[in-house]
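What follows is a short report on a single structure.
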Amino acid sequence: MNIYLIRHGNAERTKAGLSDFERELTKEGRIQLKASVEKWKNLVDNFDYIISSPLVRAVQTAQIIAEAFNYQNEIIKDERLGGGKEVSGLIEIAHSLDGDNLAFIGHQPDFSNYLSDLISSGYARIEFKKAAIAKVHFYNRIQLSHGVLEFLIPPLA
């Protein structure tokens, strides 16, 4: 099984009258994300499921990825990826789905922590930039510290 952790693209800044939940991708964030996703297609064949944080910027990121990969299923929105959550939620989601390639779209600092927990029994300091993708392979079921990091690609363009 392969888990792909994808951080949302660059989003508008917090401002009065705009909740964190509502922040959208910026024009530059969309451009950078689209360029990055095109390069990912050289390394990733497809996704069986795309699971996103329900925050607007993450859902917009998931939609761009779905379009680029001609993804035919519905994007799954799950509160357990909404920010400030534990990796156990991601593992629960993964165990509930029947697929070999699962894409999770979410936020920092969660994704750096998730990646560390999935590949290490200690603490791995990981810089997870906006519009970056990481692939973690598991030989069997997903378990803490049993994943193999195959790549972590920063944003392109």
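Naming works like this for the structure tokens: A, B, ... for the chains as they're shown, residue 1 at the start of each chain, ligands 1 onward in shown order.
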
Residues of stretch 103-149 of chain A that have any atom at most 7 Å from an atom of stretch 80-94 of chain A: could you tabulate them with the shortest-distance atom pair and the distance in Å to one decimal, using only C-alpha atoms, ordered by chain and increasing number, as JSON lines?
{"residue": "A:Gly106", "atom": "CA", "partner": "A:Leu81", "partner_atom": "CA", "distance": 5.8}
{"residue": "A:His107", "atom": "CA", "partner": "A:Gly83", "partner_atom": "CA", "distance": 6.0}
{"residue": "A:Asp110", "atom": "CA", "partner": "A:Gly84", "partner_atom": "CA", "distance": 6.3}
{"residue": "A:Tyr114", "atom": "CA", "partner": "A:Val87", "partner_atom": "CA", "distance": 5.3}
{"residue": "A:Ile142", "atom": "CA", "partner": "A:Ile91", "partner_atom": "CA", "distance": 6.6}

Write to file, as an mmCIF file, in the first residue's frame, the residues of the selection just made, with N, CA, C and O atoms.
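As a result, out14.cif now contains:
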data_model
loop_
_atom_site.group_PDB
_atom_site.id
_atom_site.type_symbol
_atom_site.label_atom_id
_atom_site.label_comp_id
_atom_site.auth_asym_id
_atom_site.auth_seq_id
_atom_site.Cartn_x
_atom_site.Cartn_y
_atom_site.Cartn_z
ATOM 1 N N GLY A 106 -3.730 17.744 3.221
ATOM 2 C CA GLY A 106 -3.899 18.381 4.523
ATOM 3 C C GLY A 106 -2.926 19.495 4.788
ATOM 4 O O GLY A 106 -2.496 20.191 3.858
ATOM 5 N N HIS A 107 -2.532 19.630 6.045
ATOM 6 C CA HIS A 107 -1.916 20.853 6.551
ATOM 7 C C HIS A 107 -0.647 20.591 7.363
ATOM 8 O O HIS A 107 -0.355 19.477 7.757
ATOM 9 N N ASP A 110 0.855 19.176 10.872
ATOM 10 C CA ASP A 110 0.401 17.783 10.937
ATOM 11 C C ASP A 110 1.159 16.868 9.983
ATOM 12 O O ASP A 110 1.584 15.776 10.369
ATOM 13 N N TYR A 114 2.979 13.514 10.798
ATOM 14 C CA TYR A 114 2.476 12.238 10.271
ATOM 15 C C TYR A 114 3.593 11.473 9.579
ATOM 16 O O TYR A 114 3.772 10.278 9.802
ATOM 17 N N ILE A 142 -0.903 -0.437 7.078
ATOM 18 C CA ILE A 142 -0.242 0.763 7.582
ATOM 19 C C ILE A 142 -0.069 0.632 9.086
ATOM 20 O O ILE A 142 -1.026 0.330 9.808
#

From the DSSP assignment of the backbone, select every residue of stretch 62-109 of chain A that is alpha helix (DSSP H), and format the answer as a PyMOL selection string.
chain A and resi 62-68+87-96

With all heavy atoms retained, could you export that selection as a tab-separated table (two decimals), in the first residue's frame?
chain	number	residue	atom	x	y	z
A	62	ALA	N	-7.28	19.25	-3.69
A	62	ALA	CA	-7.74	17.92	-4.09
A	62	ALA	C	-8.42	17.96	-5.46
A	62	ALA	O	-8.23	17.06	-6.28
A	62	ALA	CB	-8.71	17.38	-3.03
A	63	GLN	N	-9.19	19.01	-5.72
A	63	GLN	CA	-9.88	19.13	-7.01
A	63	GLN	C	-8.89	19.29	-8.15
A	63	GLN	O	-9.07	18.69	-9.22
A	63	GLN	CB	-10.86	20.30	-6.96
A	63	GLN	CG	-12.04	20.05	-6.06
A	63	GLN	CD	-12.85	21.30	-5.74
A	63	GLN	OE1	-12.37	22.43	-5.85
A	63	GLN	NE2	-14.10	21.09	-5.33
A	64	ILE	N	-7.84	20.06	-7.96
A	64	ILE	CA	-6.81	20.24	-8.99
A	64	ILE	C	-6.12	18.90	-9.27
A	64	ILE	O	-5.89	18.53	-10.43
A	64	ILE	CB	-5.80	21.33	-8.58
A	64	ILE	CG1	-6.49	22.71	-8.63
A	64	ILE	CG2	-4.55	21.29	-9.44
A	64	ILE	CD1	-5.71	23.83	-7.99
A	65	ILE	N	-5.80	18.17	-8.23
A	65	ILE	CA	-5.15	16.86	-8.37
A	65	ILE	C	-6.09	15.89	-9.08
A	65	ILE	O	-5.69	15.17	-10.00
A	65	ILE	CB	-4.71	16.32	-7.00
A	65	ILE	CG1	-3.61	17.21	-6.42
A	65	ILE	CG2	-4.27	14.87	-7.10
A	65	ILE	CD1	-3.35	17.01	-4.95
A	66	ALA	N	-7.35	15.86	-8.66
A	66	ALA	CA	-8.33	14.95	-9.27
A	66	ALA	C	-8.46	15.22	-10.76
A	66	ALA	O	-8.49	14.28	-11.58
A	66	ALA	CB	-9.68	15.10	-8.57
A	67	GLU	N	-8.53	16.47	-11.13
A	67	GLU	CA	-8.65	16.82	-12.55
A	67	GLU	C	-7.42	16.39	-13.33
A	67	GLU	O	-7.53	15.79	-14.40
A	67	GLU	CB	-8.87	18.33	-12.69
A	67	GLU	CG	-9.07	18.77	-14.12
A	67	GLU	CD	-9.32	20.26	-14.23
A	67	GLU	OE1	-10.02	20.83	-13.36
A	67	GLU	OE2	-8.81	20.86	-15.20
A	68	ALA	N	-6.24	16.66	-12.82
A	68	ALA	CA	-5.00	16.33	-13.52
A	68	ALA	C	-4.83	14.82	-13.70
A	68	ALA	O	-4.28	14.37	-14.72
A	68	ALA	CB	-3.80	16.90	-12.77
A	87	VAL	N	-2.08	11.27	13.83
A	87	VAL	CA	-1.89	10.36	12.70
A	87	VAL	C	-2.83	9.16	12.78
A	87	VAL	O	-3.14	8.54	11.77
A	87	VAL	CB	-0.41	9.92	12.58
A	87	VAL	CG1	-0.03	8.97	13.71
A	87	VAL	CG2	-0.12	9.30	11.23
A	88	SER	N	-3.31	8.84	13.96
A	88	SER	CA	-4.23	7.71	14.12
A	88	SER	C	-5.48	7.88	13.26
A	88	SER	O	-6.02	6.89	12.74
A	88	SER	CB	-4.61	7.52	15.59
A	88	SER	OG	-5.22	8.68	16.10
A	89	GLY	N	-5.94	9.11	13.07
A	89	GLY	CA	-7.09	9.36	12.21
A	89	GLY	C	-6.82	9.00	10.77
A	89	GLY	O	-7.64	8.37	10.10
A	90	LEU	N	-5.64	9.36	10.28
A	90	LEU	CA	-5.24	9.01	8.92
A	90	LEU	C	-5.17	7.49	8.77
A	90	LEU	O	-5.64	6.94	7.78
A	90	LEU	CB	-3.89	9.66	8.59
A	90	LEU	CG	-3.34	9.39	7.20
A	90	LEU	CD1	-2.64	10.63	6.66
A	90	LEU	CD2	-2.36	8.23	7.21
A	91	ILE	N	-4.61	6.82	9.76
A	91	ILE	CA	-4.49	5.36	9.70
A	91	ILE	C	-5.88	4.72	9.70
A	91	ILE	O	-6.13	3.78	8.94
A	91	ILE	CB	-3.60	4.85	10.86
A	91	ILE	CG1	-2.17	5.32	10.65
A	91	ILE	CG2	-3.67	3.33	10.95
A	91	ILE	CD1	-1.24	5.06	11.82
A	92	GLU	N	-6.79	5.23	10.51
A	92	GLU	CA	-8.16	4.71	10.53
A	92	GLU	C	-8.81	4.86	9.16
A	92	GLU	O	-9.48	3.94	8.67
A	92	GLU	CB	-9.01	5.45	11.57
A	92	GLU	CG	-8.68	5.14	12.99
A	92	GLU	CD	-9.38	6.08	13.98
A	92	GLU	OE1	-10.18	6.95	13.54
A	92	GLU	OE2	-9.12	5.95	15.18
A	93	ILE	N	-8.64	6.01	8.54
A	93	ILE	CA	-9.20	6.24	7.21
A	93	ILE	C	-8.62	5.23	6.22
A	93	ILE	O	-9.35	4.60	5.46
A	93	ILE	CB	-8.92	7.68	6.72
A	93	ILE	CG1	-9.60	8.71	7.63
A	93	ILE	CG2	-9.38	7.85	5.27
A	93	ILE	CD1	-9.11	10.13	7.43
A	94	ALA	N	-7.31	5.10	6.22
A	94	ALA	CA	-6.64	4.19	5.29
A	94	ALA	C	-7.13	2.76	5.46
A	94	ALA	O	-7.37	2.05	4.47
A	94	ALA	CB	-5.13	4.27	5.48
A	95	HIS	N	-7.29	2.32	6.70
A	95	HIS	CA	-7.75	0.95	6.96
A	95	HIS	C	-9.20	0.73	6.51
A	95	HIS	O	-9.60	-0.40	6.24
A	95	HIS	CB	-7.59	0.58	8.43
A	95	HIS	CG	-6.17	0.35	8.82
A	95	HIS	ND1	-5.79	0.23	10.13
A	95	HIS	CD2	-5.03	0.21	8.10
A	95	HIS	CE1	-4.48	0.03	10.20
A	95	HIS	NE2	-4.00	0.03	8.97
A	96	SER	N	-9.97	1.81	6.43
A	96	SER	CA	-11.37	1.68	6.05
A	96	SER	C	-11.57	1.63	4.53
A	96	SER	O	-12.67	1.34	4.06
A	96	SER	CB	-12.18	2.85	6.63
A	96	SER	OG	-11.90	4.05	5.93

Out of stretch 25-130 of chain A, which residues get strand (DSSP E) from DSSP, as a count of residues only?
12

Give me, please, the distance in Å between atom CA of A:Asp117 and atom CA of A:Leu5, quoted to one decimal.
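Computed distance, atom CA of A:Asp117 to atom CA of A:Leu5, equals 12.6 Å.
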
Between A:Val37, A:Val148, A:Ala11, A:Ala131, which has the minimum distance to A:Arg57 (counting only C-alpha atoms)?
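Looking only at the distances to A:Arg57, the closest residue turns out to be A:Ala11.
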
For each of A:Asn46, A:Ser121, A:Ser145, A:Thr26, take the minimum atom-to-atom distance to A:Asp100, counting only C-alpha atoms, then give the residue where this is smallest.
A:Asn46

Residue with smallest distance to A:Pro109 - pool A:Val44, A:Leu156, A:Leu25, A:Ile126, counting only C-alpha atoms:
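The answer is A:Ile126, which sits nearest to A:Pro109.
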